[in-house]
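K.L.:
Structure file start.cif (mmCIF, C-alpha atoms) is given on the next line.
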data_final
loop_
_atom_site.label_atom_id
_atom_site.label_comp_id
_atom_site.auth_asym_id
_atom_site.auth_seq_id
_atom_site.Cartn_x
_atom_site.Cartn_y
_atom_site.Cartn_z
CA MET A 921 52.84 7.21 13.55
CA SER A 922 51.07 10.52 13.03
CA ARG A 923 50.29 9.86 9.39
CA LYS A 924 48.86 6.70 7.88
CA ILE A 925 51.02 4.67 5.49
CA ASP A 926 49.62 4.95 1.97
CA GLU A 927 50.15 3.11 -1.31
CA ILE A 928 53.02 5.37 -2.41
CA ASP A 929 54.87 4.81 0.89
CA LEU A 930 54.48 1.07 0.34
CA LYS A 931 55.78 1.35 -3.22
CA ILE A 932 58.83 3.28 -2.02
CA LEU A 933 59.51 0.68 0.69
CA LYS A 934 59.05 -2.16 -1.81
CA LEU A 935 61.59 -0.59 -4.16
CA LEU A 936 64.03 0.02 -1.30
CA SER A 937 63.57 -3.57 -0.16
CA GLU A 938 64.73 -4.68 -3.62
CA ASN A 939 67.65 -2.26 -3.59
CA ALA A 940 68.23 0.10 -0.68
CA ARG A 941 70.87 1.93 -2.71
CA TYR A 942 68.44 3.37 -5.25
CA THR A 943 69.01 7.11 -5.42
CA TYR A 944 66.16 9.59 -4.94
CA LYS A 945 66.38 10.19 -8.69
CA GLU A 946 65.99 6.48 -9.54
CA LEU A 947 63.11 6.09 -7.10
CA ALA A 948 61.39 9.20 -8.46
CA GLU A 949 61.70 7.94 -12.04
CA LYS A 950 60.30 4.52 -11.16
CA LEU A 951 57.36 6.14 -9.37
CA GLY A 952 56.77 8.95 -11.83
CA THR A 953 57.22 11.65 -9.22
CA THR A 954 59.90 14.10 -8.11
CA ARG A 955 63.05 13.59 -6.07
CA GLN A 956 61.77 16.12 -3.54
CA ARG A 957 58.59 14.13 -2.95
CA VAL A 958 60.46 10.84 -2.58
CA SER A 959 62.96 12.43 -0.21
CA ARG A 960 60.18 13.99 1.91
CA ARG A 961 58.34 10.68 2.20
CA MET A 962 61.49 8.75 3.09
CA ASP A 963 62.28 11.31 5.79
CA LYS A 964 58.87 10.71 7.31
CA LEU A 965 59.20 6.92 7.10
CA GLU A 966 62.61 7.13 8.78
CA LYS A 967 61.56 9.61 11.50
CA GLY A 968 58.33 7.71 12.20
CA GLY A 969 60.31 4.53 12.83
CA VAL A 970 58.75 2.69 9.89
CA VAL A 971 62.29 2.28 8.54
CA ILE A 972 64.38 0.49 11.16
CA LYS A 973 67.46 0.58 8.96
CA TYR A 974 68.90 0.25 5.49
CA THR A 975 71.37 -2.59 5.51
CA VAL A 976 73.33 -5.10 3.50
CA ILE A 977 72.52 -8.79 3.58
CA PRO A 978 75.88 -10.51 3.12
CA ASP A 979 76.57 -14.18 2.48
CA LEU A 980 78.08 -14.82 5.90
CA ASN A 981 79.58 -18.14 4.79
CA LYS A 982 81.66 -16.31 2.19
CA LEU A 983 82.90 -14.01 4.96
CA ASN A 984 83.83 -17.08 6.98
CA TYR A 985 81.30 -16.27 9.69
CA VAL A 986 78.89 -18.64 11.36
CA HIS A 987 75.21 -17.62 11.68
CA VAL A 988 73.31 -19.28 14.52
CA ILE A 989 69.61 -18.77 15.29
CA LEU A 990 68.48 -19.48 18.84
CA GLY A 991 64.81 -20.01 19.58
CA LEU A 992 64.42 -19.39 23.30
CA ILE A 993 61.61 -20.54 25.52
CA LEU A 994 61.68 -18.58 28.79
CA ARG A 995 60.12 -19.38 32.11
CA PRO A 996 56.83 -17.43 32.44
CA THR A 997 58.07 -15.55 35.52
CA VAL A 998 61.11 -14.11 33.71
CA ASP A 999 61.47 -10.34 33.19
CA LEU A 1000 61.52 -10.33 29.37
CA ASP A 1001 62.77 -6.75 29.11
CA GLU A 1002 65.70 -7.51 31.40
CA VAL A 1003 66.64 -10.53 29.26
CA VAL A 1004 66.39 -8.43 26.09
CA LYS A 1005 68.61 -5.75 27.65
CA GLN A 1006 71.26 -8.32 28.58
CA LEU A 1007 71.19 -9.96 25.14
CA LYS A 1008 71.37 -6.64 23.28
CA SER A 1009 74.58 -5.73 25.08
CA ILE A 1010 76.44 -8.80 23.80
CA GLU A 1011 78.52 -7.93 20.74
CA TYR A 1012 78.01 -11.17 18.82
CA VAL A 1013 74.24 -11.07 19.43
CA LYS A 1014 73.13 -9.33 16.23
CA ILE A 1015 69.36 -9.76 16.18
CA VAL A 1016 66.93 -9.89 19.12
CA GLU A 1017 63.24 -10.27 18.40
CA LYS A 1018 60.41 -10.57 20.90
CA THR A 1019 58.06 -13.27 19.71
CA LEU A 1020 54.89 -15.16 20.56
CA GLY A 1021 54.28 -18.81 19.85
CA SER A 1022 56.75 -21.70 19.87
CA HIS A 1023 59.51 -19.37 21.12
CA SER A 1024 59.42 -16.25 23.27
CA LEU A 1025 62.63 -14.78 21.87
CA ILE A 1026 64.55 -15.25 18.64
CA VAL A 1027 68.24 -14.41 18.88
CA HIS A 1028 70.78 -14.40 16.03
CA LEU A 1029 74.48 -14.88 16.72
CA VAL A 1030 77.22 -14.12 14.21
CA GLY A 1031 80.86 -14.93 14.83
CA PRO A 1032 84.03 -16.43 13.37
CA ASN A 1033 83.32 -19.74 11.72
CA ASN A 1034 84.98 -22.16 14.09
CA MET A 1035 83.30 -24.66 16.34
CA ALA A 1036 85.18 -23.68 19.51
CA PHE A 1037 84.00 -20.06 19.26
CA THR A 1038 80.48 -21.11 18.26
CA GLU A 1039 80.25 -23.35 21.30
CA LYS A 1040 81.56 -20.53 23.50
CA MET A 1041 78.92 -18.09 22.20
CA ILE A 1042 76.05 -20.50 22.76
CA ARG A 1043 77.21 -21.76 26.16
CA SER A 1044 77.81 -18.26 27.45
CA ILE A 1045 74.23 -17.28 26.59
CA ALA A 1046 72.87 -20.45 28.17
CA LYS A 1047 74.89 -19.64 31.31
CA GLU A 1048 74.49 -15.87 31.60
CA ILE A 1049 70.83 -15.42 30.68
CA GLN A 1050 68.63 -16.45 33.57
CA GLY A 1051 65.33 -18.19 33.03
CA ILE A 1052 65.88 -20.05 29.77
CA ASP A 1053 63.71 -23.16 29.80
CA LYS A 1054 64.63 -24.46 26.36
CA MET A 1055 66.90 -23.35 23.52
CA ASP A 1056 66.48 -24.49 19.93
CA ILE A 1057 69.78 -24.12 18.09
CA THR A 1058 69.79 -23.79 14.31
CA PHE A 1059 72.76 -23.07 12.00
CA VAL A 1060 72.03 -21.21 8.77
CA THR A 1061 73.87 -22.95 5.93
CA GLU A 1062 72.34 -21.23 2.89
CA ILE A 1063 70.04 -18.29 2.16
CA CYS A 1064 67.77 -19.51 -0.66
CA LYS A 1065 65.42 -16.51 -0.79
CA PHE A 1066 65.61 -13.14 0.94
CA GLU A 1067 62.88 -10.59 0.51
CA VAL A 1068 61.37 -8.24 3.04
CA ILE A 1069 57.95 -7.09 1.88
CA MET B 370 85.08 -16.05 -4.74
CA SER B 371 88.28 -15.65 -6.72
CA ARG B 372 89.74 -13.09 -4.32
CA LYS B 373 89.97 -13.38 -0.57
CA ILE B 374 87.95 -10.96 1.57
CA ASP B 375 90.31 -8.55 3.32
CA GLU B 376 90.02 -6.09 6.19
CA ILE B 377 88.97 -3.20 3.93
CA ASP B 378 86.17 -5.28 2.37
CA LEU B 379 84.96 -6.09 5.87
CA LYS B 380 85.06 -2.41 6.86
CA ILE B 381 83.01 -1.48 3.79
CA LEU B 382 80.45 -4.20 4.56
CA LYS B 383 80.29 -3.14 8.20
CA LEU B 384 79.57 0.47 7.18
CA LEU B 385 76.95 -0.66 4.66
CA SER B 386 75.36 -2.87 7.31
CA GLU B 387 74.92 0.27 9.44
CA ASN B 388 73.56 2.26 6.52
CA ALA B 389 73.29 0.74 3.05
CA ARG B 390 72.49 4.19 1.64
CA TYR B 391 75.94 5.65 2.30
CA THR B 392 77.21 7.12 -0.96
CA TYR B 393 80.59 6.14 -2.41
CA LYS B 394 81.79 9.56 -1.29
CA GLU B 395 80.69 9.03 2.32
CA LEU B 396 82.19 5.54 2.41
CA ALA B 397 85.46 6.81 0.92
CA GLU B 398 85.67 9.60 3.49
CA LYS B 399 85.03 7.24 6.39
CA LEU B 400 87.72 4.86 5.12
CA GLY B 401 90.24 7.49 4.03
CA THR B 402 90.31 6.27 0.46
CA THR B 403 88.84 7.26 -2.93
CA ARG B 404 85.35 6.81 -4.35
CA GLN B 405 86.82 4.83 -7.24
CA ARG B 406 88.43 2.31 -4.88
CA VAL B 407 85.24 1.90 -2.83
CA SER B 408 83.17 1.47 -5.97
CA ARG B 409 85.58 -1.12 -7.41
CA ARG B 410 85.54 -3.16 -4.20
CA MET B 411 81.75 -3.01 -3.92
CA ASP B 412 81.46 -4.19 -7.52
CA LYS B 413 83.59 -7.20 -6.69
CA LEU B 414 81.65 -7.97 -3.50
CA GLU B 415 78.38 -7.77 -5.44
CA LYS B 416 79.57 -9.82 -8.43
CA GLY B 417 81.20 -12.44 -6.19
CA GLY B 418 77.91 -12.97 -4.37
CA VAL B 419 79.26 -11.72 -1.04
CA VAL B 420 76.51 -9.09 -1.13
CA ILE B 421 73.17 -10.87 -1.43
CA LYS B 422 71.27 -7.57 -1.43
CA TYR B 423 70.94 -4.09 -0.04
CA THR B 424 67.58 -3.81 1.60
CA VAL B 425 65.40 -1.94 4.05
CA ILE B 426 64.38 -3.43 7.37
CA PRO B 427 60.91 -2.00 8.03
CA ASP B 428 58.83 -2.20 11.19
CA LEU B 429 56.26 -4.59 9.75
CA ASN B 430 53.84 -3.91 12.59
CA LYS B 431 53.69 -0.24 11.60
CA LEU B 432 52.88 -1.36 8.04
CA ASN B 433 50.09 -3.52 9.44
CA TYR B 434 51.78 -6.71 8.31
CA VAL B 435 52.23 -9.90 10.28
CA HIS B 436 55.68 -11.56 10.37
CA VAL B 437 55.67 -15.30 11.07
CA ILE B 438 58.77 -17.48 11.39
CA LEU B 439 58.33 -21.19 10.75
CA GLY B 440 60.96 -23.65 11.96
CA LEU B 441 60.43 -26.79 9.88
CA ILE B 442 61.61 -30.28 10.69
CA LEU B 443 61.46 -32.42 7.56
CA ARG B 444 61.44 -36.18 7.20
CA PRO B 445 64.97 -37.38 6.42
CA THR B 446 63.89 -38.87 3.08
CA VAL B 447 62.52 -35.57 1.76
CA ASP B 448 64.09 -33.87 -1.29
CA LEU B 449 65.19 -30.63 0.38
CA ASP B 450 65.87 -28.79 -2.89
CA GLU B 451 62.38 -29.62 -4.13
CA VAL B 452 60.85 -28.26 -0.92
CA VAL B 453 62.95 -25.09 -1.20
CA LYS B 454 61.85 -24.62 -4.82
CA GLN B 455 58.18 -24.94 -3.85
CA LEU B 456 58.52 -22.54 -0.91
CA LYS B 457 60.44 -19.93 -2.93
CA SER B 458 57.62 -19.74 -5.46
CA ILE B 459 55.05 -18.70 -2.84
CA GLU B 460 54.60 -14.92 -2.84
CA TYR B 461 54.13 -14.46 0.92
CA VAL B 462 57.16 -16.66 1.68
CA LYS B 463 59.83 -13.97 1.97
CA ILE B 464 62.83 -15.77 3.47
CA VAL B 465 63.91 -19.39 3.00
CA GLU B 466 67.05 -20.58 4.74
CA LYS B 467 68.55 -24.05 4.72
CA THR B 468 69.65 -24.89 8.22
CA LEU B 469 71.20 -27.58 10.38
CA GLY B 470 70.26 -28.32 13.97
CA SER B 471 66.86 -28.04 15.65
CA HIS B 472 65.24 -27.18 12.31
CA SER B 473 66.10 -28.13 8.73
CA LEU B 474 64.48 -25.07 7.17
CA ILE B 475 63.62 -21.61 8.43
CA VAL B 476 60.83 -19.87 6.53
CA HIS B 477 59.55 -16.32 7.03
CA LEU B 478 56.04 -15.34 6.02
CA VAL B 479 54.83 -11.77 5.69
CA GLY B 480 51.22 -10.88 5.00
CA PRO B 481 48.33 -8.63 5.97
CA ASN B 482 47.89 -8.50 9.72
CA ASN B 483 44.70 -10.43 10.20
CA MET B 484 44.28 -13.82 11.79
CA ALA B 485 42.23 -15.35 8.98
CA PHE B 486 44.93 -14.64 6.41
CA THR B 487 47.69 -15.71 8.79
CA GLU B 488 45.97 -19.01 9.38
CA LYS B 489 45.50 -19.48 5.64
CA MET B 490 49.22 -18.88 4.96
CA ILE B 491 50.35 -21.34 7.59
CA ARG B 492 47.80 -24.04 6.79
CA SER B 493 48.49 -23.87 3.07
CA ILE B 494 52.21 -24.48 3.71
CA ALA B 495 51.42 -27.35 6.07
CA LYS B 496 49.18 -28.83 3.39
CA GLU B 497 51.15 -28.19 0.21
CA ILE B 498 54.69 -28.94 1.31
CA GLN B 499 55.20 -32.69 1.56
CA GLY B 500 57.33 -34.24 4.25
CA ILE B 501 56.99 -31.76 7.11
CA ASP B 502 57.38 -33.66 10.37
CA LYS B 503 57.05 -30.70 12.72
CA MET B 504 56.49 -26.98 12.38
CA ASP B 505 57.41 -24.46 15.07
CA ILE B 506 55.37 -21.29 14.61
CA THR B 507 56.63 -18.00 16.00
CA PHE B 508 55.16 -14.51 15.56
CA VAL B 509 57.58 -11.58 15.65
CA THR B 510 56.09 -8.85 17.83
CA GLU B 511 59.07 -6.49 18.21
CA ILE B 512 62.55 -6.09 16.74
CA CYS B 513 64.74 -5.09 19.70
CA LYS B 514 68.12 -5.19 17.93
CA PHE B 515 68.97 -5.60 14.26
CA GLU B 516 72.56 -5.75 13.13
CA VAL B 517 74.14 -7.90 10.48
CA ILE B 518 77.88 -8.15 11.01
#
For this file, write the structure as structure tokens.
P.N.:
Amino acid sequence: MSRKIDEIDLKILKLLSENARYTYKELAEKLGTTRQRVSRRMDKLEKGGVVIKYTVIPDLNKLNYVHVILGLILRPTVDLDEVVKQLKSIEYVKIVEKTLGSHSLIVHLVGPNNMAFTEKMIRSIAKEIQGIDKMDITFVTEICKFEVI
Amino acid sequence: MSRKIDEIDLKILKLLSENARYTYKELAEKLGTTRQRVSRRMDKLEKGGVVIKYTVIPDLNKLNYVHVILGLILRPTVDLDEVVKQLKSIEYVKIVEKTLGSHSLIVHLVGPNNMAFTEKMIRSIAKEIQGIDKMDITFVTEICKFEVI
């Protein structure tokens, strides 16, 4: 927040988006700088909240999981923060994003790949979350491209 | 593919989903095993395509980027693989997922946070990709939860 993001920060983030497991040494070599400098910048990016997390993107199908994306349209009177709080507390709700446009919330569900459980996850959200006007339900079958920045 | 995913693989992936930068040593300590065993398993998960990538999830707003999610409905006669190929080749198209349900493709766009460029990205997809019947457009304003598995 305090400091502006510069070109070197962006280069570090771009490299980490390609492989978050690059060591400080590898990053420093690619950028022609020192490990200390890379480490200091990454610390700042992490503490400033620019880095939300370093994570793995798995092929959920190969893990025998189902990946469902819900696009929610909420009634205008609904307390969005309350809905977000409820959704966040559900174990199989993995991603919650506030959005503007066709949907007011995007919610990702991940669970065992069987239709009975999938139906249970979706129905329980439809039942427990108050104020859902419409729910678009989309099943991810294949990740064809995955980049970040 | 060859080998079935077991409980230890899942534990490794779960830990990496929380922090993809854990070293082999840290992972081994958390799992009560050796670095060699962790490294061997990760190799297999990577080579078998279970790991698509290790990446960083940044707060795109703090980077002054816009993050748009398009939910595409395509005409049934469309060649899906051709559409995917076209979309993948566009630099600002970061994620392409084949889906079933409300949408037949989910596409994520990331670009400089200004409305003129955003409009250009969206219109050029609407124009260049043949066979789009409907396009839901959603702007991500805040990531409230981000987990993977």
K.L.:
In Å, rounded to a single decimal, give me how far CA of Lys1014 in chain A is from CA of Leu439 in chain B.
P.N.:
19.7 Å
K.L.:
Starting from the PyMOL selection byres ((chain B and resi 387) around 10), expand the selection into actual residues of this file and give them as a PyMOL selection string.
P.N.:
(chain A and resi 973-976) or (chain B and resi 382-386+388-391+515-518)
K.L.:
Rounded to one decimal place, report the CA of Gly440 in chain B-CA of Ile494 in chain B distance in Å.
P.N.:
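That distance, rounded to one decimal, is 12.1 Å.
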K.L.:
Residues around (56.8, -0.3, 5.6), cut-off 9 Å, counting all atoms listed in the file - what are they as a PyMOL selection string?
P.N.:
(chain A and resi 925+929-930+932-934+965+970-971+1069) or (chain B and resi 425-434)
K.L.:
Fit chain A to chain B, all Cα atoms paired in order, least squares. Then write it as an mmCIF file with C-alpha atoms, keeping the file's coordinate frame.
P.N.:
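Printed below is part10.cif as written:
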data_model
loop_
_atom_site.group_PDB
_atom_site.id
_atom_site.type_symbol
_atom_site.label_atom_id
_atom_site.label_comp_id
_atom_site.auth_asym_id
_atom_site.auth_seq_id
_atom_site.Cartn_x
_atom_site.Cartn_y
_atom_site.Cartn_z
ATOM 1 C CA MET A 921 85.184 -16.203 -4.721
ATOM 2 C CA SER A 922 88.330 -15.621 -6.750
ATOM 3 C CA ARG A 923 89.770 -13.097 -4.331
ATOM 4 C CA LYS A 924 89.981 -13.381 -0.564
ATOM 5 C CA ILE A 925 87.957 -10.966 1.573
ATOM 6 C CA ASP A 926 90.309 -8.556 3.331
ATOM 7 C CA GLU A 927 90.005 -6.077 6.193
ATOM 8 C CA ILE A 928 88.954 -3.195 3.924
ATOM 9 C CA ASP A 929 86.163 -5.295 2.367
ATOM 10 C CA LEU A 930 84.951 -6.082 5.882
ATOM 11 C CA LYS A 931 85.050 -2.409 6.852
ATOM 12 C CA ILE A 932 83.012 -1.479 3.779
ATOM 13 C CA LEU A 933 80.449 -4.199 4.554
ATOM 14 C CA LYS A 934 80.288 -3.116 8.204
ATOM 15 C CA LEU A 935 79.572 0.472 7.176
ATOM 16 C CA LEU A 936 76.950 -0.654 4.653
ATOM 17 C CA SER A 937 75.362 -2.853 7.306
ATOM 18 C CA GLU A 938 74.915 0.273 9.445
ATOM 19 C CA ASN A 939 73.558 2.271 6.521
ATOM 20 C CA ALA A 940 73.278 0.759 3.056
ATOM 21 C CA ARG A 941 72.502 4.196 1.635
ATOM 22 C CA TYR A 942 75.953 5.644 2.283
ATOM 23 C CA THR A 943 77.228 7.120 -0.963
ATOM 24 C CA TYR A 944 80.605 6.129 -2.418
ATOM 25 C CA LYS A 945 81.812 9.562 -1.310
ATOM 26 C CA GLU A 946 80.704 9.037 2.314
ATOM 27 C CA LEU A 947 82.215 5.558 2.409
ATOM 28 C CA ALA A 948 85.479 6.813 0.909
ATOM 29 C CA GLU A 949 85.713 9.610 3.482
ATOM 30 C CA LYS A 950 85.068 7.250 6.388
ATOM 31 C CA LEU A 951 87.738 4.868 5.098
ATOM 32 C CA GLY A 952 90.246 7.479 4.007
ATOM 33 C CA THR A 953 90.320 6.258 0.428
ATOM 34 C CA THR A 954 88.855 7.245 -2.933
ATOM 35 C CA ARG A 955 85.372 6.813 -4.357
ATOM 36 C CA GLN A 956 86.844 4.823 -7.240
ATOM 37 C CA ARG A 957 88.430 2.308 -4.879
ATOM 38 C CA VAL A 958 85.253 1.903 -2.829
ATOM 39 C CA SER A 959 83.172 1.500 -5.976
ATOM 40 C CA ARG A 960 85.583 -1.105 -7.412
ATOM 41 C CA ARG A 961 85.533 -3.137 -4.203
ATOM 42 C CA MET A 962 81.746 -3.006 -3.914
ATOM 43 C CA ASP A 963 81.444 -4.189 -7.516
ATOM 44 C CA LYS A 964 83.579 -7.194 -6.674
ATOM 45 C CA LEU A 965 81.639 -7.954 -3.484
ATOM 46 C CA GLU A 966 78.373 -7.758 -5.431
ATOM 47 C CA LYS A 967 79.572 -9.817 -8.426
ATOM 48 C CA GLY A 968 81.208 -12.422 -6.175
ATOM 49 C CA GLY A 969 77.911 -12.964 -4.367
ATOM 50 C CA VAL A 970 79.259 -11.724 -1.034
ATOM 51 C CA VAL A 971 76.505 -9.092 -1.139
ATOM 52 C CA ILE A 972 73.155 -10.862 -1.427
ATOM 53 C CA LYS A 973 71.268 -7.580 -1.436
ATOM 54 C CA TYR A 974 70.945 -4.094 -0.034
ATOM 55 C CA THR A 975 67.574 -3.801 1.615
ATOM 56 C CA VAL A 976 65.386 -1.935 4.046
ATOM 57 C CA ILE A 977 64.362 -3.429 7.362
ATOM 58 C CA PRO A 978 60.897 -2.005 8.016
ATOM 59 C CA ASP A 979 58.838 -2.204 11.190
ATOM 60 C CA LEU A 980 56.260 -4.583 9.748
ATOM 61 C CA ASN A 981 53.821 -3.917 12.596
ATOM 62 C CA LYS A 982 53.685 -0.253 11.597
ATOM 63 C CA LEU A 983 52.866 -1.364 8.048
ATOM 64 C CA ASN A 984 50.085 -3.524 9.454
ATOM 65 C CA TYR A 985 51.769 -6.728 8.312
ATOM 66 C CA VAL A 986 52.214 -9.912 10.281
ATOM 67 C CA HIS A 987 55.670 -11.565 10.375
ATOM 68 C CA VAL A 988 55.662 -15.300 11.069
ATOM 69 C CA ILE A 989 58.768 -17.487 11.398
ATOM 70 C CA LEU A 990 58.335 -21.197 10.744
ATOM 71 C CA GLY A 991 60.952 -23.643 11.953
ATOM 72 C CA LEU A 992 60.452 -26.779 9.881
ATOM 73 C CA ILE A 993 61.624 -30.259 10.694
ATOM 74 C CA LEU A 994 61.482 -32.421 7.557
ATOM 75 C CA ARG A 995 61.437 -36.160 7.210
ATOM 76 C CA PRO A 996 64.987 -37.376 6.399
ATOM 77 C CA THR A 997 63.884 -38.869 3.065
ATOM 78 C CA VAL A 998 62.529 -35.546 1.756
ATOM 79 C CA ASP A 999 64.098 -33.863 -1.297
ATOM 80 C CA LEU A 1000 65.199 -30.617 0.391
ATOM 81 C CA ASP A 1001 65.858 -28.802 -2.883
ATOM 82 C CA GLU A 1002 62.371 -29.617 -4.142
ATOM 83 C CA VAL A 1003 60.846 -28.251 -0.918
ATOM 84 C CA VAL A 1004 62.957 -25.091 -1.194
ATOM 85 C CA LYS A 1005 61.849 -24.626 -4.814
ATOM 86 C CA GLN A 1006 58.179 -24.941 -3.854
ATOM 87 C CA LEU A 1007 58.516 -22.544 -0.911
ATOM 88 C CA LYS A 1008 60.431 -19.942 -2.930
ATOM 89 C CA SER A 1009 57.616 -19.737 -5.460
ATOM 90 C CA ILE A 1010 55.039 -18.692 -2.854
ATOM 91 C CA GLU A 1011 54.603 -14.916 -2.837
ATOM 92 C CA TYR A 1012 54.128 -14.459 0.906
ATOM 93 C CA VAL A 1013 57.155 -16.660 1.673
ATOM 94 C CA LYS A 1014 59.832 -13.969 1.970
ATOM 95 C CA ILE A 1015 62.814 -15.767 3.479
ATOM 96 C CA VAL A 1016 63.917 -19.388 2.997
ATOM 97 C CA GLU A 1017 67.055 -20.570 4.740
ATOM 98 C CA LYS A 1018 68.547 -24.052 4.717
ATOM 99 C CA THR A 1019 69.644 -24.893 8.227
ATOM 100 C CA LEU A 1020 71.190 -27.594 10.385
ATOM 101 C CA GLY A 1021 70.252 -28.320 13.961
ATOM 102 C CA SER A 1022 66.858 -28.042 15.652
ATOM 103 C CA HIS A 1023 65.230 -27.171 12.305
ATOM 104 C CA SER A 1024 66.085 -28.129 8.739
ATOM 105 C CA LEU A 1025 64.479 -25.066 7.170
ATOM 106 C CA ILE A 1026 63.617 -21.604 8.440
ATOM 107 C CA VAL A 1027 60.832 -19.886 6.524
ATOM 108 C CA HIS A 1028 59.555 -16.324 7.034
ATOM 109 C CA LEU A 1029 56.027 -15.360 6.026
ATOM 110 C CA VAL A 1030 54.823 -11.779 5.693
ATOM 111 C CA GLY A 1031 51.215 -10.877 5.012
ATOM 112 C CA PRO A 1032 48.308 -8.633 5.985
ATOM 113 C CA ASN A 1033 47.889 -8.515 9.726
ATOM 114 C CA ASN A 1034 44.688 -10.451 10.209
ATOM 115 C CA MET A 1035 44.288 -13.829 11.810
ATOM 116 C CA ALA A 1036 42.212 -15.364 9.003
ATOM 117 C CA PHE A 1037 44.925 -14.653 6.416
ATOM 118 C CA THR A 1038 47.698 -15.713 8.799
ATOM 119 C CA GLU A 1039 45.965 -19.023 9.394
ATOM 120 C CA LYS A 1040 45.493 -19.472 5.641
ATOM 121 C CA MET A 1041 49.207 -18.878 4.954
ATOM 122 C CA ILE A 1042 50.350 -21.348 7.590
ATOM 123 C CA ARG A 1043 47.790 -24.047 6.784
ATOM 124 C CA SER A 1044 48.495 -23.858 3.077
ATOM 125 C CA ILE A 1045 52.201 -24.481 3.704
ATOM 126 C CA ALA A 1046 51.428 -27.341 6.074
ATOM 127 C CA LYS A 1047 49.166 -28.836 3.382
ATOM 128 C CA GLU A 1048 51.131 -28.182 0.194
ATOM 129 C CA ILE A 1049 54.681 -28.943 1.318
ATOM 130 C CA GLN A 1050 55.196 -32.676 1.548
ATOM 131 C CA GLY A 1051 57.333 -34.222 4.241
ATOM 132 C CA ILE A 1052 56.997 -31.757 7.105
ATOM 133 C CA ASP A 1053 57.393 -33.662 10.360
ATOM 134 C CA LYS A 1054 57.055 -30.717 12.722
ATOM 135 C CA MET A 1055 56.503 -26.971 12.381
ATOM 136 C CA ASP A 1056 57.407 -24.463 15.075
ATOM 137 C CA ILE A 1057 55.355 -21.304 14.603
ATOM 138 C CA THR A 1058 56.624 -18.018 16.015
ATOM 139 C CA PHE A 1059 55.149 -14.513 15.556
ATOM 140 C CA VAL A 1060 57.571 -11.589 15.653
ATOM 141 C CA THR A 1061 56.082 -8.856 17.843
ATOM 142 C CA GLU A 1062 59.055 -6.497 18.211
ATOM 143 C CA ILE A 1063 62.541 -6.086 16.745
ATOM 144 C CA CYS A 1064 64.731 -5.092 19.713
ATOM 145 C CA LYS A 1065 68.107 -5.191 17.944
ATOM 146 C CA PHE A 1066 68.966 -5.597 14.272
ATOM 147 C CA GLU A 1067 72.545 -5.746 13.129
ATOM 148 C CA VAL A 1068 74.128 -7.892 10.465
ATOM 149 C CA ILE A 1069 77.866 -8.141 11.036
#
K.L.:
Would you translate the PyMOL selection byres ((chain A and resi 1019) around 12) into the concrete set of residues it matches in this file, as a ChimeraX atom specification?
P.N.:
/A:991-994,1000,1004,1016-1018,1020-1027 /B:435-439,506-513
K.L.:
Between CA of Ser959 in chain A and CA of Met411 in chain B, what is the distance, to one decimal in Å?
P.N.:
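One can read the CA of Ser959 in chain A to CA of Met411 in chain B distance as 24.6 Å.
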K.L.:
Under the rule that all atoms listed in the file are counted, which of A:Ile1015, A:Ile928, A:Ala948, A:Val998 is the nearest residue to chain B?
P.N.:
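Checking each of A:Ile1015, A:Ile928, A:Ala948, A:Val998 against chain B, counting all atoms listed in the file, the winner is A:Ile1015.
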K.L.:
Compare B:Lys496, B:Arg444, B:Lys394, B:Lys373 by their minimum atom-to-atom distance to chain A, counting all atoms listed in the file, and give me the closest one.
P.N.:
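Selected residue with least distance to chain A: B:Lys373.
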K.L.:
Find the residue from B:Glu497, B:Asp448, B:Glu415, B:Asp502 that sits nearest to chain A; use only C-alpha atoms when measuring.
P.N.:
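Among the listed residues, the smallest separation from chain A belongs to B:Glu415.
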K.L.:
Compare A:Thr954, A:Ser1044, A:Thr943, A:Asn1033 by their minimum atom-to-atom distance to chain B, counting only C-alpha atoms, and give me the closest one.
P.N.:
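Under the stated criterion, the closest residue is A:Thr943.
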K.L.:
Taking into account all atoms listed in the file, which residue in the set A:Lys931, A:Lys1005, A:Arg955, A:Arg1043 is nearest to chain B?
P.N.:
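Looking only at the distances to chain B, the closest residue turns out to be A:Lys1005.
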K.L.:
Given all atoms listed in the file as the basis, pick out the residue of B:Ile421, B:Gly480, B:Ala495, B:Met504 nearest to chain A.
P.N.:
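Between B:Ile421, B:Gly480, B:Ala495, B:Met504, the residue approaching chain A most closely is B:Ile421.
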